[in-house]
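target39.cif (mmCIF, C-alpha atoms)
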```
data_model
loop_
_atom_site.label_atom_id
_atom_site.label_comp_id
_atom_site.auth_asym_id
_atom_site.auth_seq_id
_atom_site.Cartn_x
_atom_site.Cartn_y
_atom_site.Cartn_z
CA MET A 1 -197.63 119.19 -79.44
CA TYR A 2 -199.17 117.03 -82.16
CA LYS A 3 -198.04 113.41 -82.50
CA VAL A 4 -197.25 112.03 -85.96
CA LEU A 5 -196.26 108.55 -87.15
CA VAL A 6 -194.30 108.33 -90.43
CA VAL A 7 -194.56 104.95 -92.20
CA ASP A 8 -192.13 104.49 -95.09
CA ASP A 9 -189.61 101.82 -96.06
CA SER A 10 -187.29 104.50 -97.46
CA ALA A 11 -184.83 105.76 -94.84
CA PHE A 12 -184.43 108.97 -96.84
CA MET A 13 -188.18 109.72 -96.85
CA ARG A 14 -188.56 108.85 -93.17
CA GLN A 15 -185.79 111.24 -92.22
CA LEU A 16 -186.97 113.95 -94.62
CA ILE A 17 -190.54 113.96 -93.30
CA LYS A 18 -189.41 113.70 -89.68
CA SER A 19 -186.95 116.60 -89.96
CA ILE A 20 -189.40 118.87 -91.82
CA LEU A 21 -192.11 118.38 -89.21
CA GLU A 22 -189.88 118.54 -86.14
CA GLN A 23 -188.22 121.77 -87.32
CA THR A 24 -191.59 123.53 -86.93
CA GLY A 25 -191.60 122.82 -83.19
CA ARG A 26 -195.25 121.72 -83.39
CA PHE A 27 -194.88 118.00 -84.00
CA SER A 28 -193.46 114.99 -82.17
CA VAL A 29 -192.57 112.39 -84.79
CA MET A 30 -192.16 108.64 -84.53
CA VAL A 31 -191.19 106.45 -87.52
CA ALA A 32 -191.88 102.91 -88.74
CA GLN A 33 -190.06 101.27 -91.66
CA THR A 34 -192.63 98.50 -92.28
CA PRO A 35 -196.42 98.13 -91.98
CA LEU A 36 -195.99 95.51 -89.26
CA ILE A 37 -193.96 97.90 -87.11
CA ALA A 38 -196.51 100.63 -87.86
CA LEU A 39 -199.39 98.49 -86.61
CA ASP A 40 -197.47 97.73 -83.44
CA ARG A 41 -196.85 101.47 -82.89
CA VAL A 42 -200.53 102.28 -83.50
CA ARG A 43 -201.63 99.71 -80.91
CA LYS A 44 -199.23 101.14 -78.29
CA PHE A 45 -199.44 104.90 -78.94
CA LYS A 46 -202.04 107.50 -79.92
CA PHE A 47 -201.25 109.60 -83.00
CA ASP A 48 -203.00 112.64 -84.41
CA VAL A 49 -201.76 111.95 -87.93
CA ILE A 50 -200.12 109.01 -89.72
CA THR A 51 -198.33 109.41 -93.07
CA ILE A 52 -198.14 106.29 -95.24
CA ASP A 53 -196.21 105.37 -98.36
CA TYR A 54 -197.89 103.05 -100.88
CA GLU A 55 -195.17 100.60 -101.94
CA MET A 56 -193.96 98.76 -98.83
CA PRO A 57 -193.09 95.17 -97.84
CA TYR A 58 -195.75 92.79 -96.46
CA MET A 59 -198.72 94.95 -97.49
CA ASN A 60 -199.39 98.06 -99.55
CA GLY A 61 -200.52 101.42 -98.23
CA VAL A 62 -204.22 100.89 -98.93
CA GLU A 63 -204.24 97.59 -97.04
CA LEU A 64 -202.43 99.26 -94.16
CA ILE A 65 -204.95 102.11 -94.06
CA LYS A 66 -207.81 99.62 -93.68
CA LYS A 67 -206.05 97.83 -90.81
CA ILE A 68 -205.19 101.11 -89.05
CA LYS A 69 -208.82 102.23 -89.33
CA GLU A 70 -209.83 99.13 -87.37
CA ILE A 71 -207.58 100.26 -84.50
CA THR A 72 -207.69 104.06 -84.39
CA ASP A 73 -209.42 107.13 -85.80
CA SER A 74 -206.14 108.97 -86.44
CA LYS A 75 -206.08 111.04 -89.63
CA ILE A 76 -204.08 109.42 -92.43
CA LEU A 77 -202.12 111.14 -95.20
CA MET A 78 -200.99 109.18 -98.25
CA ILE A 79 -197.58 109.92 -99.70
CA SER A 80 -198.36 109.57 -103.42
CA ALA A 81 -196.26 109.10 -106.54
CA TYR A 82 -196.61 111.84 -109.17
CA THR A 83 -197.73 109.40 -111.88
CA HIS A 84 -200.91 108.14 -113.56
CA PRO A 85 -200.71 104.77 -111.72
CA GLY A 86 -199.89 106.70 -108.55
CA ALA A 87 -203.11 108.65 -108.99
CA HIS A 88 -205.22 105.49 -109.15
CA THR A 89 -203.69 104.11 -105.94
CA THR A 90 -204.21 107.49 -104.26
CA PHE A 91 -207.95 107.37 -104.99
CA GLU A 92 -208.07 103.87 -103.53
CA ALA A 93 -206.41 105.25 -100.39
CA LEU A 94 -208.91 108.11 -100.14
CA SER A 95 -211.81 105.67 -100.53
CA ALA A 96 -210.27 103.50 -97.82
CA GLY A 97 -210.33 106.43 -95.40
CA ALA A 98 -207.25 108.58 -95.99
CA PHE A 99 -207.73 112.25 -95.07
CA ASP A 100 -205.66 113.57 -97.99
CA TYR A 101 -202.50 112.94 -99.98
CA ILE A 102 -199.12 114.60 -100.55
CA LEU A 103 -197.07 114.21 -103.71
CA LYS A 104 -193.66 112.61 -103.14
CA PRO A 105 -190.80 114.79 -104.44
CA SER A 106 -189.01 113.26 -107.44
CA GLY A 107 -185.95 115.52 -107.14
CA GLU A 108 -184.27 118.22 -105.07
CA ASP A 109 -186.10 120.98 -106.97
CA GLU A 110 -189.43 119.66 -105.61
CA ILE A 111 -188.39 119.48 -101.94
CA LYS A 112 -189.49 123.06 -101.21
CA GLU A 113 -193.01 122.46 -102.53
CA PHE A 114 -193.16 119.12 -100.69
CA LYS A 115 -192.17 120.83 -97.42
CA TYR A 116 -194.89 123.46 -97.85
CA GLU A 117 -197.60 120.90 -98.66
CA LEU A 118 -196.50 118.52 -95.90
CA ILE A 119 -196.66 121.14 -93.14
CA LYS A 120 -199.94 122.57 -94.43
CA LYS A 121 -201.73 119.25 -94.75
CA VAL A 122 -200.38 117.62 -91.59
CA THR A 123 -201.38 120.74 -89.63
CA ALA A 124 -204.87 120.70 -91.16
CA ALA A 125 -205.25 116.99 -90.40
CA CYS A 126 -204.17 117.51 -86.79
CA GLU A 127 -206.60 120.38 -86.33
CA GLU A 128 -209.47 118.37 -87.78
CA TYR A 129 -208.63 115.42 -85.54
CA LYS A 130 -208.74 117.61 -82.45
CA LYS A 131 -211.81 119.57 -83.45
CA ILE A 132 -215.09 118.69 -81.77
CA ARG A 133 -217.85 118.72 -84.35
CA SER A 134 -220.43 121.37 -83.63
CA LYS A 135 -224.13 120.65 -83.50
CA GLU A 136 -226.32 121.41 -86.47
CA THR A 137 -227.09 125.09 -86.87
CA LEU A 138 -230.50 126.56 -87.56
CA GLU A 139 -229.20 127.45 -91.02
CA GLU A 140 -228.55 123.77 -91.78
CA ILE A 141 -232.00 122.77 -90.56
CA LYS A 142 -233.52 125.54 -92.69
CA GLY A 143 -231.60 124.20 -95.69
CA ARG A 144 -233.09 120.74 -95.17
CA LYS A 145 -236.68 121.91 -94.90
CA ILE A 146 -236.50 124.26 -97.84
CA LEU A 147 -235.70 121.35 -100.15
CA LEU A 148 -239.41 120.59 -100.15
CA GLU A 149 -240.44 124.06 -101.36
CA GLU A 150 -241.67 124.09 -104.94
CA SER A 151 -240.11 127.50 -105.60
CA LEU A 152 -236.60 126.10 -105.10
CA ILE A 153 -237.29 123.06 -107.25
CA GLU A 154 -238.65 125.27 -110.04
CA ARG A 155 -235.57 127.49 -109.86
CA ALA A 156 -233.37 124.39 -110.05
CA LYS A 157 -235.29 123.13 -113.10
CA SER A 158 -234.51 126.37 -114.97
CA ALA A 159 -230.75 125.91 -114.46
CA LYS A 160 -228.50 125.35 -117.47
CA VAL A 161 -225.48 124.04 -115.58
CA VAL A 162 -224.19 122.94 -112.17
CA GLY A 163 -220.78 124.08 -110.94
CA ILE A 164 -218.94 122.36 -108.07
CA GLY A 165 -215.83 123.58 -106.23
CA ILE A 166 -214.22 121.04 -103.90
CA SER A 167 -210.82 120.11 -102.45
CA THR A 168 -209.64 118.11 -99.40
CA GLY A 169 -211.97 115.17 -98.83
CA GLY A 170 -213.54 115.62 -102.24
CA PRO A 171 -212.98 112.39 -104.21
CA PRO A 172 -214.97 110.01 -101.97
CA VAL A 173 -217.79 112.56 -101.64
CA LEU A 174 -218.05 113.06 -105.39
CA GLU A 175 -218.01 109.29 -105.94
CA LYS A 176 -221.00 108.84 -103.64
CA MET A 177 -222.89 111.84 -105.04
CA PHE A 178 -222.47 110.87 -108.69
CA LYS A 179 -223.41 107.25 -107.97
CA SER A 180 -226.61 108.51 -106.33
CA LEU A 181 -227.44 110.92 -109.15
CA LYS A 182 -230.31 109.65 -111.31
CA SER A 183 -229.30 108.11 -114.64
CA ASP A 184 -231.26 110.65 -116.69
CA PHE A 185 -229.98 113.75 -114.87
CA PRO A 186 -230.44 116.47 -117.51
CA LEU A 187 -227.83 119.11 -116.64
CA PRO A 188 -224.11 119.26 -117.34
CA ILE A 189 -221.90 119.43 -114.23
CA LEU A 190 -218.53 121.18 -114.19
CA VAL A 191 -216.20 120.26 -111.33
CA VAL A 192 -213.09 121.93 -109.97
CA GLN A 193 -211.40 119.40 -107.70
CA HIS A 194 -207.99 120.63 -106.57
CA MET A 195 -205.57 118.12 -108.09
CA PRO A 196 -202.24 118.18 -109.91
CA PRO A 197 -201.68 117.15 -113.55
CA ASN A 198 -201.85 113.36 -114.11
CA PHE A 199 -204.40 113.02 -111.34
CA THR A 200 -207.48 114.63 -112.90
CA LYS A 201 -207.63 112.32 -115.94
CA ALA A 202 -207.25 109.27 -113.69
CA PHE A 203 -209.93 110.67 -111.38
CA ALA A 204 -212.37 111.21 -114.26
CA GLU A 205 -211.71 107.67 -115.51
CA ARG A 206 -212.31 106.25 -112.05
CA LEU A 207 -215.58 108.16 -111.61
CA ALA A 208 -216.80 107.08 -115.06
CA PHE A 209 -216.04 103.43 -114.25
CA ILE A 210 -217.63 103.49 -110.80
CA THR A 211 -220.78 105.42 -111.76
CA SER A 212 -221.29 104.32 -115.41
CA LYS A 213 -221.95 107.96 -116.27
CA CYS A 214 -220.53 110.34 -118.87
CA ILE A 215 -217.57 111.74 -116.90
CA LYS A 216 -214.41 113.08 -118.52
CA GLU A 217 -211.49 115.44 -118.06
CA ALA A 218 -212.53 118.74 -119.67
CA GLU A 219 -211.02 119.74 -123.01
CA ASP A 220 -210.89 123.22 -124.48
CA ASN A 221 -213.74 124.50 -126.65
CA GLU A 222 -216.03 121.47 -126.41
CA GLU A 223 -219.78 121.90 -126.35
CA VAL A 224 -221.16 121.18 -122.90
CA LYS A 225 -223.54 118.24 -123.24
CA PRO A 226 -226.60 117.54 -121.03
CA GLY A 227 -225.97 114.96 -118.33
CA CYS A 228 -222.19 114.94 -118.77
CA ILE A 229 -219.75 115.69 -115.95
CA TYR A 230 -216.55 117.59 -116.75
CA ILE A 231 -213.55 117.50 -114.40
CA ALA A 232 -211.16 120.49 -114.55
CA LYS A 233 -207.71 119.53 -115.86
CA GLY A 234 -204.91 119.72 -113.30
CA GLY A 235 -202.61 122.69 -113.93
CA TYR A 236 -205.28 124.60 -115.90
CA HIS A 237 -208.37 126.64 -115.08
CA LEU A 238 -211.82 125.55 -116.25
CA ALA A 239 -214.39 128.11 -117.39
CA VAL A 240 -217.61 128.05 -119.38
CA GLU A 241 -218.82 130.52 -121.99
CA GLU A 242 -222.07 130.99 -123.88
CA ARG A 243 -222.03 131.23 -127.70
CA GLN A 244 -225.22 131.38 -129.78
CA GLY A 245 -227.31 129.83 -127.04
CA LYS A 246 -224.89 126.97 -126.31
CA LEU A 247 -222.33 126.50 -123.55
CA TYR A 248 -218.71 125.65 -124.27
CA THR A 249 -215.80 124.79 -122.00
CA ARG A 250 -212.62 126.86 -121.88
CA VAL A 251 -209.40 125.39 -120.52
CA LEU A 252 -207.19 128.33 -119.56
CA ASP A 253 -203.49 128.53 -118.78
CA LEU A 254 -203.54 131.57 -116.48
CA GLU A 255 -201.86 132.37 -113.15
CA LYS A 256 -202.91 130.61 -109.96
CA ILE A 257 -205.85 132.06 -108.03
CA LYS A 258 -205.51 131.80 -104.25
CA SER A 259 -202.64 129.35 -104.88
CA HIS A 260 -204.87 127.06 -106.96
CA LYS A 261 -204.90 125.98 -110.58
CA PRO A 262 -207.61 124.93 -111.34
CA SER A 263 -209.56 127.47 -109.29
CA ALA A 264 -213.22 127.26 -108.33
CA ASP A 265 -213.36 131.08 -108.39
CA ILE A 266 -212.65 131.05 -112.15
CA LEU A 267 -215.34 128.44 -112.80
CA PHE A 268 -218.03 130.09 -110.67
CA SER A 269 -217.30 133.54 -112.09
CA SER A 270 -217.62 132.26 -115.66
CA ILE A 271 -220.91 130.53 -114.85
CA ALA A 272 -222.25 133.77 -113.36
CA GLU A 273 -221.33 135.58 -116.59
CA ALA A 274 -222.66 132.93 -118.97
CA CYS A 275 -225.81 131.75 -117.17
CA GLU A 276 -226.72 134.49 -114.66
CA LYS A 277 -229.63 133.22 -112.54
CA ASP A 278 -230.03 129.96 -114.46
CA ALA A 279 -227.34 127.99 -112.66
CA ILE A 280 -226.51 126.11 -109.47
CA GLY A 281 -223.22 126.67 -107.62
CA ILE A 282 -222.05 124.21 -104.97
CA ILE A 283 -219.00 124.71 -102.76
CA MET A 284 -217.84 121.73 -100.74
CA THR A 285 -215.21 120.34 -98.40
CA GLY A 286 -211.72 121.81 -98.66
CA MET A 287 -209.00 123.97 -97.11
CA GLY A 288 -208.75 127.69 -97.78
CA SER A 289 -211.20 130.06 -99.44
CA ASP A 290 -211.14 129.15 -103.13
CA GLY A 291 -214.54 129.59 -104.73
CA SER A 292 -215.97 132.10 -102.26
CA ASP A 293 -215.60 135.15 -104.51
CA GLY A 294 -216.84 133.38 -107.62
CA ILE A 295 -219.89 131.86 -105.96
CA LEU A 296 -220.72 135.29 -104.52
CA GLU A 297 -220.91 136.55 -108.12
CA MET A 298 -223.32 133.72 -108.86
CA ARG A 299 -225.55 134.64 -105.93
CA LYS A 300 -225.61 138.30 -106.97
CA LYS A 301 -226.86 137.16 -110.39
CA GLY A 302 -229.69 135.21 -108.74
CA ALA A 303 -228.29 131.67 -109.11
CA ILE A 304 -228.88 128.99 -106.48
CA THR A 305 -225.79 128.78 -104.24
CA ILE A 306 -225.19 125.89 -101.85
CA ALA A 307 -222.48 125.08 -99.29
CA GLN A 308 -221.79 121.66 -97.80
CA ASN A 309 -222.57 121.59 -94.08
CA GLU A 310 -219.78 121.50 -91.52
CA LYS A 311 -220.81 118.16 -90.05
CA THR A 312 -220.12 116.27 -93.29
CA CYS A 313 -217.00 118.18 -94.40
CA VAL A 314 -213.51 116.73 -93.99
CA VAL A 315 -212.37 120.37 -93.83
CA PHE A 316 -214.93 123.19 -93.53
CA GLY A 317 -212.63 125.93 -94.86
CA MET A 318 -214.05 126.57 -98.34
CA PRO A 319 -217.75 126.41 -97.40
CA LYS A 320 -217.13 128.52 -94.29
CA ALA A 321 -215.35 131.24 -96.29
CA ALA A 322 -218.27 131.46 -98.70
CA ILE A 323 -220.86 131.49 -95.92
CA GLU A 324 -219.01 134.28 -94.09
CA ILE A 325 -219.25 136.67 -97.07
CA ASP A 326 -222.97 135.90 -97.56
CA ALA A 327 -222.38 134.06 -100.84
CA ILE A 328 -224.47 131.05 -99.80
CA GLU A 329 -228.24 130.68 -99.90
CA PHE A 330 -228.54 127.10 -98.61
CA VAL A 331 -226.38 124.84 -96.41
CA MET A 332 -226.87 121.13 -97.03
CA SER A 333 -225.31 117.69 -96.65
CA PRO A 334 -224.16 115.88 -99.81
CA GLU A 335 -227.22 113.61 -99.54
CA GLU A 336 -229.52 116.62 -99.47
CA ILE A 337 -227.73 118.18 -102.42
CA VAL A 338 -228.28 115.01 -104.46
CA GLU A 339 -231.92 114.93 -103.33
CA LEU A 340 -232.42 118.40 -104.78
CA LEU A 341 -230.59 117.60 -108.02
CA ASN A 342 -232.65 114.45 -108.51
CA MET A 343 -235.82 116.58 -108.43
CA ILE A 344 -234.73 118.41 -111.58
#
```

I'd like the structure from this file rewritten - as structure tokens, please.
Amino acid sequence: MYKVLVVDDSAFMRQLIKSILEQTGRFSVMVAQTPLIALDRVRKFKFDVITIDYEMPYMNGVELIKKIKEITDSKILMISAYTHPGAHTTFEALSAGAFDYILKPSGEDEIKEFKYELIKKVTAACEEYKKIRSKETLEEIKGRKILLEESLIERAKSAKVVGIGISTGGPPVLEKMFKSLKSDFPLPILVVQHMPPNFTKAFAERLAFITSKCIKEAEDNEEVKPGCIYIAKGGYHLAVEERQGKLYTRVLDLEKIKSHKPSADILFSSIAEACEKDAIGIIMTGMGSDGSDGILEMRKKGAITIAQNEKTCVVFGMPKAAIEIDAIEFVMSPEEIVELLNMI
């Protein structure tokens, strides 16, 4: 049975989270109403997962995360407010070491969705905490060596666009990658990061501030500019289309794909259609299988397709799903991916 600590100064939220998790029969739950009590619990007991609210007495959630990380390697989930300011604090929590976040329900009509997300993400965090990282595979080593081959670099230089699909564990990885990307990087990058409305605009603003690069939430029907990074808008799909030799974004209000909106499958599929072999598709850390079908279309068109390696993923689900259907040509770490991009 997995052990979970719930840290929240709201008696209602403590009881709600505790009852949801315990009803599954898979979790043993302990609670703490203040950060000071939480730190005492963490010193005395071992937890697989700790859920933390942001606004609490004595210290906020981000400060608590940093102190917990000094004591234990337990996975931490942030309970986030569904607001623009809430988004900014969530990204601070992820940078401080949180595994993922869950949106706090603002009314009874959102309890069902909260229950689904809570069980899914706490389970995933527990499984990742227990999992022993495997050694590097020959495929990963092959991916590292092939970076030096001129044929791959030449293929990358002919690309018109880079597409990235990413989910759990994504924000800190993208921050590091975009900071390391050379200032004169010539290609546009389109990113599907699974996030709700309100969060994607805040995320784009944060990335632009941290990296000093052209990064924005994608708008419909805008010409895709060289060197700019476009973040898919939460609650909408992002696609790209070619018109008279130029690429344009499309922001689409369609049904969810594999429970996601935005969906990496939609983005990758549109890139395959618009750019054929002249593109790079990258699928990175995240739960589930979003992006696998779309990036397979890209590979069939001759595009370069890359998956993040298991060792560096917070959750290996999305890359693994793509690898298993032979949609991936190269498996690399984020550092190796940036190394390749900086050769363009």

Distance CA of Glu175 in chain A-CA of Leu340 in chain A, one decimal place?
->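 Taking CA of Glu175 in chain A and CA of Leu340 in chain A, their separation equals 17.1 Å.
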
The PyMOL selection byres ((chain A and resi 218) around 8) resolved against shown file, as a CSV table (one decimal) with C-alpha atoms, keeping the file's coordinate frame:
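Done, and the output landed in part_28.csv:
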```
chain,number,residue,atom,x,y,z
A,216,LYS,CA,-214.4,113.1,-118.5
A,217,GLU,CA,-211.5,115.4,-118.1
A,219,GLU,CA,-211.0,119.7,-123.0
A,220,ASP,CA,-210.9,123.2,-124.5
A,230,TYR,CA,-216.6,117.6,-116.8
A,231,ILE,CA,-213.6,117.5,-114.4
A,232,ALA,CA,-211.2,120.5,-114.6
A,233,LYS,CA,-207.7,119.5,-115.9
A,238,LEU,CA,-211.8,125.6,-116.2
A,249,THR,CA,-215.8,124.8,-122.0
A,251,VAL,CA,-209.4,125.4,-120.5
```

Which residues, written as a PyMOL selection string, have at least one atom at most 8 Å from Lys160 in chain A, with all atoms listed in the file counted and residues fewer than 4 positions away on the same chain left out?
-> chain A and resi 187-188+275+278-279

Taking a cut-off of 12 Å and counting all atoms listed in the file, can you build a table that, for each residue of range 35-90 of chain A near range 106-116 of chain A, reports the nearest atom pair and how far apart they are in Å (one decimal), sorted by chain then residue number, as a tab-separated table?
```
residue	atom	partner	partner_atom	distance
A:Ile79	CA	A:Phe114	CA	10.3
A:Ser80	CA	A:Ser106	CA	10.8
A:Ala81	CA	A:Ser106	CA	8.4
A:Tyr82	CA	A:Ser106	CA	7.9
A:Thr83	CA	A:Ser106	CA	10.5
```

Could you list the residues chosen by the PyMOL selection byres ((chain A and resi 292) around 7) in this structure as a list of chain:residue names?
-> A:Asp265, A:Ser289, A:Asp290, A:Gly291, A:Asp293, A:Gly294, A:Ile295, A:Leu296, A:Ala321, A:Ala322, A:Ala327

Taking the file as shown, find all residues satisfying the PyMOL selection byres ((chain A and resi 183) around 12) and write them as number ranges by chain.
-> A: 178-182, 184-187, 211-214, 226-228, 341-342

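When all atoms listed in the file are used to measure the gap to Val161 in chain A, the shortest distance among A:Ser270, A:Gln33, A:Ser263, A:Thr89 belongs to A:Ser270.
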
Protein, DNA and RNA residues within 12 Å of (-236.2, 129.5, -116.3), only C-alpha atoms, as a PyMOL selection string | chain A and resi 151-160+275-279+302-303

Could you please determine the separation between CA of Phe199 in chain A and CA of His88 in chain A in Å, to one decimal place?
->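 Between these atoms lies a distance of 7.9 Å.
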
Skipping near chain neighbours, those fewer than 6 positions away, what residues fall within 7 Å of Thr34 in chain A using only C-alpha atoms, listed as a ChimeraX atom specification?
-> /A:7-9,56-57

Near Met284 in chain A, counting all atoms listed in the file, which residues have an atom at most 7 Å away, once you skip same-chain residues fewer than 4 positions from it, shown as a ChimeraX atom specification?
-> /A:165-166,307-308,318-319

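A straight line drawn from CA of Phe47 in chain A to CA of Leu5 in chain A is 6.6 Å long.
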
Rank nothing, just name the residue among A:Ala93, A:Tyr2, A:Ile119, A:Val49 nearest to Leu21 in chain A, using all atoms listed in the file.
->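 The shortest atom-to-atom distance to Leu21 in chain A comes from A:Ile119.
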
Write out as a PyMOL selection string the residues lying within 10 Å of Ser95 in chain A, counting all atoms listed in the file and excluding same-chain residues fewer than 2 positions away.
-> chain A and resi 62+66+89-93+97-99+169+171-173+175

Nearest-residue call for Thr285 in chain A, choices A:Thr168, A:Asn60, A:Ser259, A:Asn221, using only C-alpha atoms |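 Smallest separation from Thr285 in chain A among the options: A:Thr168.
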